[in-house]
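Shown below: structure-v1.cif, with mmCIF, C-alpha atoms and all ligand atoms.
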```cif
data_protein
#
loop_
_atom_site.label_atom_id
_atom_site.label_comp_id
_atom_site.auth_asym_id
_atom_site.auth_seq_id
_atom_site.Cartn_x
_atom_site.Cartn_y
_atom_site.Cartn_z
CA MET A 1 11.31 -101.31 -0.47
CA VAL A 2 11.99 -98.45 1.95
CA SER A 3 14.33 -98.59 4.91
CA PHE A 4 13.03 -98.75 8.48
CA ASP A 5 13.99 -95.09 9.08
CA GLU A 6 12.55 -93.92 5.75
CA ALA A 7 9.25 -95.63 6.56
CA ILE A 8 9.01 -93.78 9.89
CA ASN A 9 9.90 -90.47 8.23
CA ILE A 10 7.32 -90.92 5.46
CA ILE A 11 4.62 -91.75 8.00
CA LEU A 12 5.44 -88.87 10.34
CA SER A 13 5.58 -86.33 7.53
CA SER A 14 2.16 -87.53 6.30
CA VAL A 15 0.18 -87.05 9.49
CA SER A 16 -0.82 -84.04 11.57
CA PRO A 17 -3.19 -83.31 14.46
CA VAL A 18 -6.83 -84.03 13.64
CA GLY A 19 -8.35 -81.02 15.37
CA THR A 20 -9.05 -79.68 18.82
CA GLU A 21 -11.81 -79.84 21.41
CA ARG A 22 -12.44 -78.52 24.91
CA VAL A 23 -12.42 -80.97 27.79
CA HIS A 24 -13.07 -80.58 31.51
CA LEU A 25 -10.04 -80.66 33.81
CA LEU A 26 -11.29 -83.95 35.27
CA ASP A 27 -10.85 -85.57 31.84
CA ALA A 28 -7.75 -83.67 30.73
CA THR A 29 -4.88 -85.67 32.14
CA GLY A 30 -2.47 -86.97 29.49
CA ARG A 31 -3.97 -84.77 26.77
CA VAL A 32 -1.93 -82.20 24.86
CA ILE A 33 -2.83 -78.51 25.22
CA ALA A 34 -3.61 -76.99 21.85
CA GLU A 35 -3.19 -73.27 22.68
CA ASP A 36 -0.92 -71.17 24.87
CA MET A 37 -2.74 -70.61 28.16
CA ILE A 38 -2.58 -66.95 29.16
CA ALA A 39 -2.82 -66.03 32.84
CA PRO A 40 -6.06 -64.07 33.34
CA ARG A 41 -4.72 -62.53 36.55
CA ASP A 42 -1.74 -62.50 38.86
CA MET A 43 -0.97 -65.56 40.96
CA PRO A 44 -1.13 -65.11 43.86
CA LEU A 45 -3.70 -62.40 43.59
CA TRP A 46 -2.56 -60.62 46.76
CA ASP A 47 0.46 -60.65 49.06
CA ASN A 48 -0.07 -63.40 51.62
CA SER A 49 1.67 -65.17 54.45
CA ALA A 50 3.89 -68.18 53.76
CA MET A 51 3.93 -69.19 57.44
CA ASP A 52 1.79 -69.42 60.54
CA GLY A 53 3.09 -66.57 62.68
CA TYR A 54 2.83 -62.81 63.14
CA ALA A 55 2.57 -60.03 60.58
CA VAL A 56 4.78 -57.16 61.68
CA LYS A 57 6.17 -53.82 60.57
CA PHE A 58 9.80 -54.32 59.78
CA ALA A 59 10.57 -50.86 61.22
CA ASP A 60 9.30 -52.04 64.65
CA CYS A 61 11.71 -54.97 64.72
CA ASP A 62 15.07 -53.27 64.43
CA ILE A 63 16.36 -54.48 67.77
CA VAL A 64 15.79 -57.95 69.22
CA PRO A 65 14.64 -59.18 71.61
CA ARG A 66 11.59 -56.98 71.09
CA MET A 67 8.12 -57.12 72.66
CA LEU A 68 5.07 -56.59 70.41
CA ARG A 69 1.42 -56.48 71.42
CA VAL A 70 -0.87 -58.81 69.42
CA ASN A 71 -3.86 -56.72 68.29
CA ALA A 72 -5.69 -58.92 65.70
CA PHE A 73 -6.03 -62.43 64.33
CA LEU A 74 -6.16 -63.32 60.61
CA PRO A 75 -6.79 -66.97 59.73
CA ALA A 76 -6.59 -68.18 56.08
CA GLY A 77 -9.76 -67.22 54.20
CA THR A 78 -10.27 -63.93 56.03
CA ASN A 79 -10.20 -60.63 54.28
CA ALA A 80 -7.47 -58.39 55.67
CA GLY A 81 -9.39 -55.25 54.62
CA GLY A 82 -9.61 -52.90 57.56
CA VAL A 83 -7.17 -54.86 59.70
CA CYS A 84 -4.08 -52.82 60.21
CA VAL A 85 -1.15 -53.04 62.45
CA GLU A 86 -0.59 -50.32 65.02
CA GLN A 87 2.85 -49.20 65.90
CA GLY A 88 4.58 -51.68 68.23
CA CYS A 89 1.93 -54.31 67.49
CA ALA A 90 1.76 -57.59 65.59
CA ILE A 91 -1.14 -59.45 63.97
CA ARG A 92 -1.45 -63.18 64.44
CA ILE A 93 -1.71 -64.61 60.92
CA MET A 94 -2.12 -68.07 59.39
CA THR A 95 -0.52 -69.41 56.19
CA GLY A 96 -2.26 -68.10 53.09
CA ALA A 97 -4.01 -65.16 54.81
CA PRO A 98 -3.62 -61.76 53.07
CA ILE A 99 -0.92 -59.50 54.46
CA PRO A 100 -2.60 -56.64 56.36
CA ASP A 101 -1.90 -53.05 55.38
CA GLY A 102 1.29 -51.68 56.84
CA CYS A 103 2.91 -55.08 57.48
CA ASP A 104 6.00 -56.00 55.54
CA ALA A 105 7.34 -59.16 57.20
CA ILE A 106 6.09 -62.37 58.79
CA VAL A 107 7.70 -63.74 61.94
CA PRO A 108 7.16 -67.51 62.17
CA LEU A 109 5.44 -68.76 65.31
CA GLU A 110 8.48 -70.81 66.27
CA GLU A 111 10.74 -67.73 66.32
CA THR A 112 8.69 -66.04 69.06
CA ASP A 113 7.98 -66.44 72.75
CA LYS A 114 4.45 -65.63 73.80
CA ASN A 115 2.68 -64.49 76.94
CA ASP A 116 -0.97 -63.38 77.26
CA HIS A 117 -1.19 -60.50 74.78
CA GLU A 118 2.40 -60.05 73.78
CA ILE A 119 5.11 -61.80 71.85
CA ALA A 120 8.86 -61.53 72.12
CA LEU A 121 10.88 -61.72 68.91
CA ARG A 122 14.05 -63.72 69.31
CA GLU A 123 15.55 -63.43 65.83
CA PRO A 124 16.34 -60.36 63.71
CA VAL A 125 13.69 -59.75 61.04
CA VAL A 126 14.41 -59.28 57.32
CA LYS A 127 12.10 -57.01 55.33
CA GLY A 128 9.68 -59.05 53.20
CA GLN A 129 10.47 -62.34 54.90
CA HIS A 130 7.95 -65.19 54.56
CA ILE A 131 5.65 -63.15 52.31
CA ARG A 132 4.38 -64.59 49.02
CA PHE A 133 4.07 -61.52 46.82
CA LYS A 134 1.27 -60.77 44.37
CA GLY A 135 2.20 -62.11 40.89
CA GLU A 136 5.37 -63.74 42.21
CA ASP A 137 4.34 -67.14 40.82
CA VAL A 138 2.73 -65.99 37.54
CA HIS A 139 2.15 -62.48 36.20
CA ALA A 140 -1.14 -61.72 34.48
CA GLY A 141 -0.84 -61.92 30.70
CA ILE A 142 2.03 -64.40 30.42
CA ALA A 143 1.69 -67.85 28.82
CA PHE A 144 1.84 -70.06 31.89
CA ILE A 145 1.43 -73.26 29.83
CA GLN A 146 2.64 -73.45 26.25
CA ALA A 147 0.73 -75.10 23.40
CA GLY A 148 2.05 -78.64 22.96
CA SER A 149 2.48 -79.30 26.68
CA ILE A 150 1.15 -82.54 28.12
CA ILE A 151 -1.43 -82.03 30.85
CA ARG A 152 -0.27 -83.57 34.11
CA PRO A 153 -1.46 -82.91 37.68
CA PRO A 154 0.69 -79.72 37.92
CA GLU A 155 -0.89 -78.23 34.78
CA ILE A 156 -4.34 -79.19 36.07
CA ASN A 157 -3.61 -77.56 39.42
CA MET A 158 -2.52 -74.30 37.79
CA LEU A 159 -5.46 -74.23 35.37
CA ALA A 160 -7.85 -74.87 38.27
CA SER A 161 -6.15 -72.14 40.33
CA PHE A 162 -6.98 -69.69 37.56
CA GLY A 163 -10.57 -70.95 37.51
CA ILE A 164 -10.20 -72.49 34.04
CA ALA A 165 -12.49 -75.56 33.89
CA LEU A 166 -12.40 -76.34 30.16
CA VAL A 167 -9.08 -76.68 28.33
CA PRO A 168 -8.42 -76.75 24.59
CA VAL A 169 -6.71 -80.05 23.70
CA TYR A 170 -5.97 -81.99 20.53
CA ARG A 171 -8.72 -84.41 19.65
CA ARG A 172 -8.28 -88.16 19.99
CA PRO A 173 -8.34 -89.67 16.49
CA SER A 174 -10.78 -92.49 15.77
CA VAL A 175 -8.91 -95.54 14.51
CA ALA A 176 -10.78 -98.19 12.50
CA ILE A 177 -9.38 -101.70 12.91
CA LEU A 178 -10.07 -104.21 10.17
CA SER A 179 -8.85 -107.79 10.13
CA THR A 180 -8.82 -109.74 6.89
CA GLY A 181 -8.79 -113.46 6.25
CA ASP A 182 -11.07 -116.44 5.56
CA GLU A 183 -9.45 -118.38 8.41
CA LEU A 184 -10.61 -115.95 11.11
CA VAL A 185 -13.41 -116.50 13.62
CA GLU A 186 -14.43 -113.98 16.24
CA LEU A 187 -13.63 -114.33 19.93
CA GLY A 188 -16.28 -116.55 21.51
CA THR A 189 -16.38 -119.04 18.63
CA THR A 190 -14.25 -122.18 19.01
CA PRO A 191 -12.02 -122.39 15.95
CA GLY A 192 -12.40 -125.50 13.78
CA VAL A 193 -9.55 -127.05 11.82
CA GLY A 194 -7.81 -124.38 9.78
CA GLU A 195 -9.50 -121.55 11.69
CA ILE A 196 -7.95 -119.13 14.17
CA VAL A 197 -9.41 -116.51 16.48
CA ASN A 198 -9.22 -112.92 15.25
CA SER A 199 -6.86 -111.94 18.05
CA ASN A 200 -5.24 -109.07 16.15
CA THR A 201 -8.32 -106.88 16.34
CA LEU A 202 -8.23 -107.13 20.14
CA SER A 203 -4.52 -106.45 20.60
CA LEU A 204 -4.67 -103.60 18.07
CA ALA A 205 -7.64 -102.07 19.89
CA ALA A 206 -5.66 -102.27 23.14
CA ALA A 207 -2.57 -100.74 21.54
CA VAL A 208 -4.63 -97.93 19.98
CA ARG A 209 -6.22 -97.20 23.34
CA GLU A 210 -2.80 -97.10 25.04
CA THR A 211 -1.85 -94.21 22.75
CA GLY A 212 -5.00 -92.32 23.80
CA ALA A 213 -6.73 -92.75 20.42
CA VAL A 214 -10.18 -94.33 20.07
CA PRO A 215 -10.41 -97.79 18.48
CA LEU A 216 -13.38 -98.66 16.25
CA VAL A 217 -13.71 -102.37 15.55
CA ILE A 218 -14.84 -102.98 11.96
CA GLY A 219 -14.68 -106.78 12.10
CA ILE A 220 -13.40 -109.14 9.44
CA ALA A 221 -13.12 -108.72 5.67
CA ARG A 222 -13.26 -112.08 3.90
CA ASP A 223 -10.75 -112.84 1.17
CA VAL A 224 -12.93 -111.66 -1.72
CA ARG A 225 -12.96 -108.25 -3.36
CA GLU A 226 -16.57 -107.34 -2.40
CA SER A 227 -16.01 -108.00 1.28
CA HIS A 228 -12.79 -105.95 1.24
CA LEU A 229 -14.54 -103.10 -0.62
CA GLU A 230 -17.38 -102.95 1.88
CA LYS A 231 -15.20 -103.14 5.00
CA LEU A 232 -12.46 -100.82 3.76
CA LEU A 233 -15.06 -98.19 2.85
CA GLU A 234 -16.48 -98.46 6.35
CA GLY A 235 -13.01 -98.17 7.87
CA LEU A 236 -12.11 -95.14 5.79
CA LYS A 237 -14.76 -93.09 7.60
CA ALA A 238 -12.48 -93.01 10.66
CA ASP A 239 -9.52 -90.65 11.11
CA VAL A 240 -7.09 -93.56 10.67
CA LEU A 241 -7.49 -97.06 9.23
CA ILE A 242 -5.41 -100.05 10.29
CA THR A 243 -5.77 -103.35 8.48
CA SER A 244 -4.16 -106.62 9.46
CA ALA A 245 -3.07 -109.41 7.08
CA GLY A 246 -3.64 -109.80 3.37
CA VAL A 247 -0.78 -107.47 2.51
CA SER A 248 1.92 -109.92 1.42
CA ALA A 249 2.30 -111.25 -2.11
CA GLY A 250 -0.15 -114.16 -1.78
CA ASP A 251 -3.04 -114.82 -4.20
CA ARG A 252 -5.57 -113.85 -1.56
CA ASP A 253 -3.72 -110.72 -0.42
CA LEU A 254 -6.24 -108.14 -1.58
CA VAL A 255 -5.81 -105.20 0.78
CA ARG A 256 -3.48 -103.08 -1.37
CA ASP A 257 -5.34 -103.74 -4.63
CA VAL A 258 -8.72 -102.84 -3.21
CA LEU A 259 -7.31 -99.75 -1.48
CA ALA A 260 -5.85 -98.65 -4.83
CA GLU A 261 -9.21 -99.27 -6.48
CA LEU A 262 -10.79 -96.98 -3.88
CA GLY A 263 -8.32 -94.24 -4.76
CA SER A 264 -5.81 -94.51 -1.91
CA ARG A 265 -2.30 -93.37 -2.71
CA GLN A 266 0.29 -95.92 -1.57
CA LEU A 267 3.42 -94.24 -0.15
CA PHE A 268 5.32 -97.43 0.46
CA TRP A 269 4.98 -101.19 0.47
CA LYS A 270 7.66 -103.39 2.04
CA VAL A 271 10.06 -102.11 4.65
CA GLY A 272 13.59 -103.26 5.43
CA VAL A 273 12.64 -104.56 8.85
CA LYS A 274 12.06 -107.97 10.36
CA PRO A 275 9.43 -108.74 11.54
CA GLY A 276 7.12 -106.47 9.56
CA GLY A 277 8.56 -106.60 6.03
CA PRO A 278 5.26 -106.52 4.07
CA THR A 279 3.90 -103.40 5.82
CA ALA A 280 2.24 -100.87 3.51
CA PHE A 281 1.28 -97.26 4.11
CA ALA A 282 -1.16 -95.18 2.07
CA LEU A 283 -3.08 -91.93 2.24
CA HIS A 284 -6.75 -91.90 1.33
CA GLY A 285 -7.23 -88.18 0.91
CA SER A 286 -5.54 -87.17 4.14
CA THR A 287 -6.56 -90.33 6.03
CA PRO A 288 -3.55 -92.49 6.89
CA VAL A 289 -4.02 -96.18 6.10
CA PHE A 290 -1.64 -98.68 7.72
CA SER A 291 -1.70 -102.17 6.22
CA LEU A 292 0.08 -104.37 8.72
CA PRO A 293 1.11 -107.99 8.23
CA GLY A 294 -1.24 -110.52 9.82
CA ASN A 295 1.13 -112.58 11.87
CA PRO A 296 0.28 -111.35 15.40
CA VAL A 297 3.91 -110.68 16.41
CA SER A 298 4.48 -108.69 13.20
CA THR A 299 1.19 -106.84 13.68
CA MET A 300 2.12 -105.77 17.20
CA ILE A 301 5.70 -104.80 16.36
CA THR A 302 4.73 -102.81 13.26
CA PHE A 303 2.02 -101.06 15.27
CA GLU A 304 4.61 -100.17 17.91
CA GLU A 305 7.24 -98.89 15.46
CA PHE A 306 5.05 -97.27 12.76
CA VAL A 307 1.50 -96.65 13.95
CA ARG A 308 2.04 -95.58 17.55
CA PRO A 309 4.27 -92.59 16.66
CA ALA A 310 1.72 -91.46 14.06
CA LEU A 311 -1.21 -91.67 16.50
CA LEU A 312 0.79 -89.71 19.07
CA LYS A 313 1.69 -87.02 16.53
CA MET A 314 -1.98 -86.76 15.54
CA GLN A 315 -2.79 -86.03 19.20
CA GLY A 316 -0.24 -83.22 19.36
CA TYR A 317 2.58 -84.99 21.19
CA ARG A 318 6.03 -83.62 20.37
CA ARG A 319 8.16 -86.63 21.31
CA VAL A 320 6.55 -89.51 19.53
CA LEU A 321 9.39 -92.02 19.21
CA ARG A 322 10.33 -94.03 22.25
CA PRO A 323 13.76 -92.99 23.50
CA LEU A 324 16.48 -95.50 22.68
CA PHE A 325 18.98 -96.51 25.34
CA LYS A 326 22.04 -98.73 25.25
CA ALA A 327 21.90 -102.24 26.65
CA ILE A 328 24.76 -104.72 26.95
CA LEU A 329 24.13 -108.15 25.52
CA ARG A 330 24.38 -111.14 27.82
CA GLU A 331 23.87 -113.56 24.91
CA GLU A 332 25.08 -113.46 21.34
CA LEU A 333 22.64 -112.59 18.57
CA HIS A 334 22.66 -113.45 14.87
CA LYS A 335 20.68 -111.68 12.16
CA LYS A 336 20.48 -111.40 8.39
CA PRO A 337 22.13 -108.41 6.71
CA GLY A 338 20.25 -105.62 4.90
CA LYS A 339 17.34 -105.27 7.29
CA VAL A 340 16.80 -103.80 10.71
CA GLN A 341 15.80 -106.52 13.12
CA ILE A 342 13.51 -105.89 16.04
CA ALA A 343 14.43 -108.40 18.75
CA ARG A 344 12.25 -109.10 21.77
CA ILE A 345 14.38 -108.81 24.91
CA ARG A 346 14.36 -108.84 28.68
CA LEU A 347 16.41 -106.40 30.75
CA GLU A 348 18.27 -106.32 34.02
CA ARG A 349 19.78 -103.26 35.66
CA GLU A 350 23.19 -103.67 37.27
CA ASP A 351 25.79 -101.06 38.28
CA GLY A 352 23.85 -98.36 36.49
CA ARG A 353 23.67 -100.21 33.16
CA TRP A 354 21.06 -102.22 31.31
CA TYR A 355 21.86 -105.81 30.40
CA ALA A 356 19.81 -107.60 27.73
CA THR A 357 18.89 -111.24 27.22
CA SER A 358 16.64 -112.63 24.51
CA ALA A 359 13.01 -112.96 25.58
CA GLY A 360 12.93 -116.34 23.80
CA ASN A 361 12.68 -117.84 20.32
CA GLN A 362 12.80 -114.87 17.92
CA GLN A 363 10.82 -116.50 15.10
CA THR A 364 7.88 -114.29 14.18
CA ALA A 365 5.38 -117.10 14.74
CA ILE A 366 6.29 -117.35 18.45
CA LEU A 367 3.76 -115.24 20.31
CA ARG A 368 5.04 -116.31 23.72
CA THR A 369 8.29 -114.37 23.20
CA MET A 370 6.23 -111.22 22.68
CA VAL A 371 4.45 -111.83 25.99
CA ASP A 372 7.82 -112.23 27.70
CA ALA A 373 9.39 -109.14 26.12
CA GLU A 374 9.97 -106.06 28.29
CA ALA A 375 11.73 -104.16 25.56
CA LEU A 376 12.54 -104.24 21.87
CA ALA A 377 16.08 -104.07 20.55
CA VAL A 378 16.50 -102.23 17.27
CA LEU A 379 19.40 -104.03 15.60
CA SER A 380 21.09 -102.05 12.83
CA LEU A 381 20.76 -103.27 9.26
CA GLU A 382 24.44 -103.74 8.40
CA LYS A 383 25.42 -106.02 11.24
CA THR A 384 24.87 -109.77 11.22
CA TYR A 385 26.42 -110.76 14.51
CA PHE A 386 26.35 -109.29 18.00
CA ALA A 387 28.73 -110.75 20.59
CA ILE A 388 28.27 -111.02 24.35
CA GLY A 389 29.22 -107.61 25.77
CA ASP A 390 28.22 -105.67 22.62
CA GLU A 391 26.01 -102.62 23.11
CA ILE A 392 22.67 -102.59 21.35
CA ASP A 393 19.94 -99.93 21.03
CA ALA A 394 16.70 -100.75 22.76
CA HIS A 395 13.45 -99.14 23.84
CA PHE A 396 10.86 -100.20 26.38
CA TYR A 397 7.74 -101.90 25.17
CA GLY A 398 4.40 -101.19 26.86
CA ASN A 399 2.90 -98.28 28.73
CA HIS A 400 3.13 -99.96 32.13
CA ILE A 401 6.69 -101.18 31.86
CA ASP A 402 7.81 -99.36 35.01
CA GLN A 403 5.30 -101.34 37.06
CA MET A 404 6.54 -104.74 35.81
P1 LIG A 501 -1.60 -113.27 5.92
O1 LIG A 501 -0.85 -111.99 5.92
O2 LIG A 501 -3.01 -113.08 5.53
O3 LIG A 501 -0.91 -114.31 5.12
O4 LIG A 501 -1.59 -113.78 7.42
C1 LIG A 501 -0.37 -114.11 8.05
C2 LIG A 501 -0.58 -114.93 9.29
O5 LIG A 501 -1.26 -114.18 10.27
C3 LIG A 501 -1.43 -116.18 9.07
O6 LIG A 501 -0.88 -117.24 9.82
C4 LIG A 501 -2.76 -115.77 9.63
O7 LIG A 501 -3.54 -116.85 10.06
C5 LIG A 501 -2.37 -114.86 10.76
N1 LIG A 501 -3.44 -113.90 10.99
C6 LIG A 501 -4.00 -113.14 10.05
N2 LIG A 501 -4.96 -112.34 10.57
C7 LIG A 501 -5.00 -112.60 11.89
C8 LIG A 501 -5.78 -112.10 12.95
N3 LIG A 501 -6.70 -111.16 12.75
N4 LIG A 501 -5.57 -112.58 14.18
C9 LIG A 501 -4.62 -113.50 14.38
N5 LIG A 501 -3.84 -114.01 13.42
C10 LIG A 501 -4.02 -113.59 12.17
MG MG A 502 -4.72 -113.84 4.75
#
```
How does the structure come out when it is put into structure tokens?
Ligand code: AMP
Ligand code: MG
Amino acid sequence: MVSFDEAINIILSSVSPVGTERVHLLDATGRVIAEDMIAPRDMPLWDNSAMDGYAVKFADCDIVPRMLRVNAFLPAGTNAGGVCVEQGCAIRIMTGAPIPDGCDAIVPLEETDKNDHEIALREPVVKGQHIRFKGEDVHAGIAFIQAGSIIRPPEINMLASFGIALVPVYRRPSVAILSTGDELVELGTTPGVGEIVNSNTLSLAAAVRETGAVPLVIGIARDVRESHLEKLLEGLKADVLITSAGVSAGDRDLVRDVLAELGSRQLFWKVGVKPGGPTAFALHGSTPVFSLPGNPVSTMITFEEFVRPALLKMQGYRRVLRPLFKAILREELHKKPGKVQIARIRLEREDGRWYATSAGNQQTAILRTMVDAEALAVLSLEKTYFAIGDEIDAHFYGNHIDQM
């Protein structure tokens, strides 16, 4: 048996990004950039006005109030080539328009009084004021986005500004999902006595998709060697394989044996965590194989704690573990010693602190408590009792938690 932390470390040191591809900016949000992006040119490309107003020569504006004749008009999108300011004159200019030759300051519209062809400056002018200078934002040749950065709207805006339509990102791994068990029927079939719907495949596919990876549904392996062989071989063609059930010590628990027969190298079986104790992890060549327990609550929690970080790392993300925060217990909690316990909790925010209550019956068979959980508490292995008012470590559960 490995500890909870050891299991995470073994998994994370066994996986790495699966490769890169180029995607269009419209499809790039949330992806991780695989190379430093080097600015092909200065941004902005030319000095331009930061305000609607008048481009002036600073030397003409030494004493205020000062009258200047308006001798040209430059809206955004016009080329300032050839437009130049004569002595004692000003050029009407709109935000974003290039600064005409000879001008070295912009006077905002609201700091002037205007009559037919003249303006009066009311305020003293500072050289360079309200000008966005060439290269002031980004200089040509610098890495304006570093490899490993997540692409958000700001990154997309900057890439688009440089005219870059295709960006190199880490590939999304394909993740085969295989359920095992003679009791399973597929969604759409009414289960008879002793049968249950293969719900794990669907929640695993959803959880895989939430990480950004691509789920591949392999179906059900029946509890005989041949069926396991056939389905595991199919699943091993993907970048990652996740199996559910058949990994405990029961007579019909074939997953580990058949994986071993196929040449997979098991890195651990059994973890000091509850739920999720029977979890196994293997490498088939370099393909990670997660064998998760079949009980739906255990399957979802082991996915969250062990598989999710691995899938994120494979897509180039740097921070792959959910950040833990402290929450104050509003109810007491008991647990067994020697194992980390993952408790399903609800949270309330008061006076700048998080307060935790149990999301319900913590038995692993109770699916309802998983539905009601907003967060998971990670209860340390040594302790057996947590009193009201004790601080516990917790992390949010679910990608849309801030909308709940
Ligand atoms: P096992 O690990 O095969 O003993 O399965 C543990 C428990 O999980 C049993 O109650 C199974 O019926 C249940 N189970 C196994 N596979 C699935 C599945 N794909 N969907 C829902 N429940 C499952
Ligand atoms: Mg089974």
Which chains and residue numbers are within 9 Å of ligand MG 502 (chain A), counting all atoms listed in the file, if I want them as a list in words? Thr180, Gly181, Asp182, Glu183, Leu184, Arg222, Asp223, Ser244, Ala245, Gly246, Val247, Ser248, Gly250, Arg252, Asp253, Leu254, Pro293 and Gly294 of chain A
Residues near region 373-381 of chain A, anyone? I mean within 6 Å using all atoms listed in the file, not counting same-chain ones fewer than 3 positions away, as a short mmCIF file (atom, residue, chain, number, x, y, z; two decimals) with C-alpha atoms, in the frame of the given file.
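Produced file out_27.cif, reproduced below:
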```
data_model
loop_
_atom_site.label_atom_id
_atom_site.label_comp_id
_atom_site.auth_asym_id
_atom_site.auth_seq_id
_atom_site.Cartn_x
_atom_site.Cartn_y
_atom_site.Cartn_z
CA PRO A 337 22.13 -108.41 6.71
CA GLY A 338 20.25 -105.62 4.90
CA LYS A 339 17.34 -105.27 7.29
CA VAL A 340 16.80 -103.80 10.71
CA GLN A 341 15.80 -106.52 13.12
CA ILE A 342 13.51 -105.89 16.04
CA ALA A 343 14.43 -108.40 18.75
CA ARG A 344 12.25 -109.10 21.77
CA ILE A 345 14.38 -108.81 24.91
CA ARG A 346 14.36 -108.84 28.68
CA ALA A 359 13.01 -112.96 25.58
CA MET A 370 6.23 -111.22 22.68
CA ASP A 393 19.94 -99.93 21.03
CA ALA A 394 16.70 -100.75 22.76
CA HIS A 395 13.45 -99.14 23.84
CA PHE A 396 10.86 -100.20 26.38
CA TYR A 397 7.74 -101.90 25.17
#
```
Between A:Thr302, A:Thr357, A:Thr201, A:Gln363, which has the minimum distance to ligand LIG 501 (chain A) (counting all atoms listed in the file)?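 Comparing A:Thr302, A:Thr357, A:Thr201, A:Gln363 against ligand LIG 501 (chain A), the winner is A:Thr201.
The two atoms in question, CA of Ala80 (chain A) and CA of Asp101 (chain A), are spaced 7.7 Å apart.
Coordinates place CA of Leu292 (chain A) at a distance of 5.9 Å from CA of Thr243 (chain A).
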Find the spatial neighbours of region 280-283 of chain A, counting only C-alpha atoms, within a cut-off of 10 Å - ignore same-chain residues fewer than 5 positions away - and output them as a ChimeraX atom specification. /A:1,7,10-11,14-15,240-243,247-248,255-256,259-260,263-271,288-293,306-307
Would you mind exporting the chosen residues as a PDB file, in the coordinates of the input, restricted to C-alpha atoms?
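Generated file (selection.pdb):
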```
ATOM      1  CA  MET A   1      11.310-101.310  -0.470  1.00  0.00           C
ATOM      2  CA  ALA A   7       9.250 -95.630   6.560  1.00  0.00           C
ATOM      3  CA  ILE A  10       7.320 -90.920   5.460  1.00  0.00           C
ATOM      4  CA  ILE A  11       4.620 -91.750   8.000  1.00  0.00           C
ATOM      5  CA  SER A  14       2.160 -87.530   6.300  1.00  0.00           C
ATOM      6  CA  VAL A  15       0.180 -87.050   9.490  1.00  0.00           C
ATOM      7  CA  VAL A 240      -7.090 -93.560  10.670  1.00  0.00           C
ATOM      8  CA  LEU A 241      -7.490 -97.060   9.230  1.00  0.00           C
ATOM      9  CA  ILE A 242      -5.410-100.050  10.290  1.00  0.00           C
ATOM     10  CA  THR A 243      -5.770-103.350   8.480  1.00  0.00           C
ATOM     11  CA  VAL A 247      -0.780-107.470   2.510  1.00  0.00           C
ATOM     12  CA  SER A 248       1.920-109.920   1.420  1.00  0.00           C
ATOM     13  CA  VAL A 255      -5.810-105.200   0.780  1.00  0.00           C
ATOM     14  CA  ARG A 256      -3.480-103.080  -1.370  1.00  0.00           C
ATOM     15  CA  LEU A 259      -7.310 -99.750  -1.480  1.00  0.00           C
ATOM     16  CA  ALA A 260      -5.850 -98.650  -4.830  1.00  0.00           C
ATOM     17  CA  GLY A 263      -8.320 -94.240  -4.760  1.00  0.00           C
ATOM     18  CA  SER A 264      -5.810 -94.510  -1.910  1.00  0.00           C
ATOM     19  CA  ARG A 265      -2.300 -93.370  -2.710  1.00  0.00           C
ATOM     20  CA  GLN A 266       0.290 -95.920  -1.570  1.00  0.00           C
ATOM     21  CA  LEU A 267       3.420 -94.240  -0.150  1.00  0.00           C
ATOM     22  CA  PHE A 268       5.320 -97.430   0.460  1.00  0.00           C
ATOM     23  CA  TRP A 269       4.980-101.190   0.470  1.00  0.00           C
ATOM     24  CA  LYS A 270       7.660-103.390   2.040  1.00  0.00           C
ATOM     25  CA  VAL A 271      10.060-102.110   4.650  1.00  0.00           C
ATOM     26  CA  PRO A 288      -3.550 -92.490   6.890  1.00  0.00           C
ATOM     27  CA  VAL A 289      -4.020 -96.180   6.100  1.00  0.00           C
ATOM     28  CA  PHE A 290      -1.640 -98.680   7.720  1.00  0.00           C
ATOM     29  CA  SER A 291      -1.700-102.170   6.220  1.00  0.00           C
ATOM     30  CA  LEU A 292       0.080-104.370   8.720  1.00  0.00           C
ATOM     31  CA  PRO A 293       1.110-107.990   8.230  1.00  0.00           C
ATOM     32  CA  PHE A 306       5.050 -97.270  12.760  1.00  0.00           C
ATOM     33  CA  VAL A 307       1.500 -96.650  13.950  1.00  0.00           C
TER      34      VAL A 307
END
```
Please report the interatomic distance between CA of Ile151 (chain A) and CA of Val167 (chain A) in Å with one decimal.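 One can read the CA of Ile151 (chain A) to CA of Val167 (chain A) distance as 9.7 Å.
Compared by their closest atoms to ligand LIG 501 (chain A), and using all atoms listed in the file, the residues A:Glu118, A:Gly285, A:Tyr385, A:Pro191 rank with A:Pro191 nearest.
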Go through A:Gly96, A:Gly235, A:Pro65, A:Gly148 one by one, measure the shortest atom-to-atom distance of each to Thr112 (chain A) using all atoms listed in the file, and give the residue with the smallest value. A:Pro65
Determine the axis-aligned bounding box of all atoms of region 243-249 of chain A present in the file, pad each side by 4 Å, and express its centre and edge lengths in Å to one decimal place as AutoDock Vina command-line options.
```
--center_x -1.7 --center_y -107.3 --center_z 3.7 --size_x 16.1 --size_y 15.9 --size_z 19.6
```
Could you give me, as a CSV table (one decimal) with C-alpha atoms, in the frame of the given file, the residues within 10 Å of Ser16 (chain A), counting only C-alpha atoms and dropping anything in the same chain fewer than 5 positions from it?
```
chain,number,residue,atom,x,y,z
A,286,SER,CA,-5.5,-87.2,4.1
A,310,ALA,CA,1.7,-91.5,14.1
A,311,LEU,CA,-1.2,-91.7,16.5
A,312,LEU,CA,0.8,-89.7,19.1
A,313,LYS,CA,1.7,-87.0,16.5
A,314,MET,CA,-2.0,-86.8,15.5
A,315,GLN,CA,-2.8,-86.0,19.2
A,316,GLY,CA,-0.2,-83.2,19.4
```
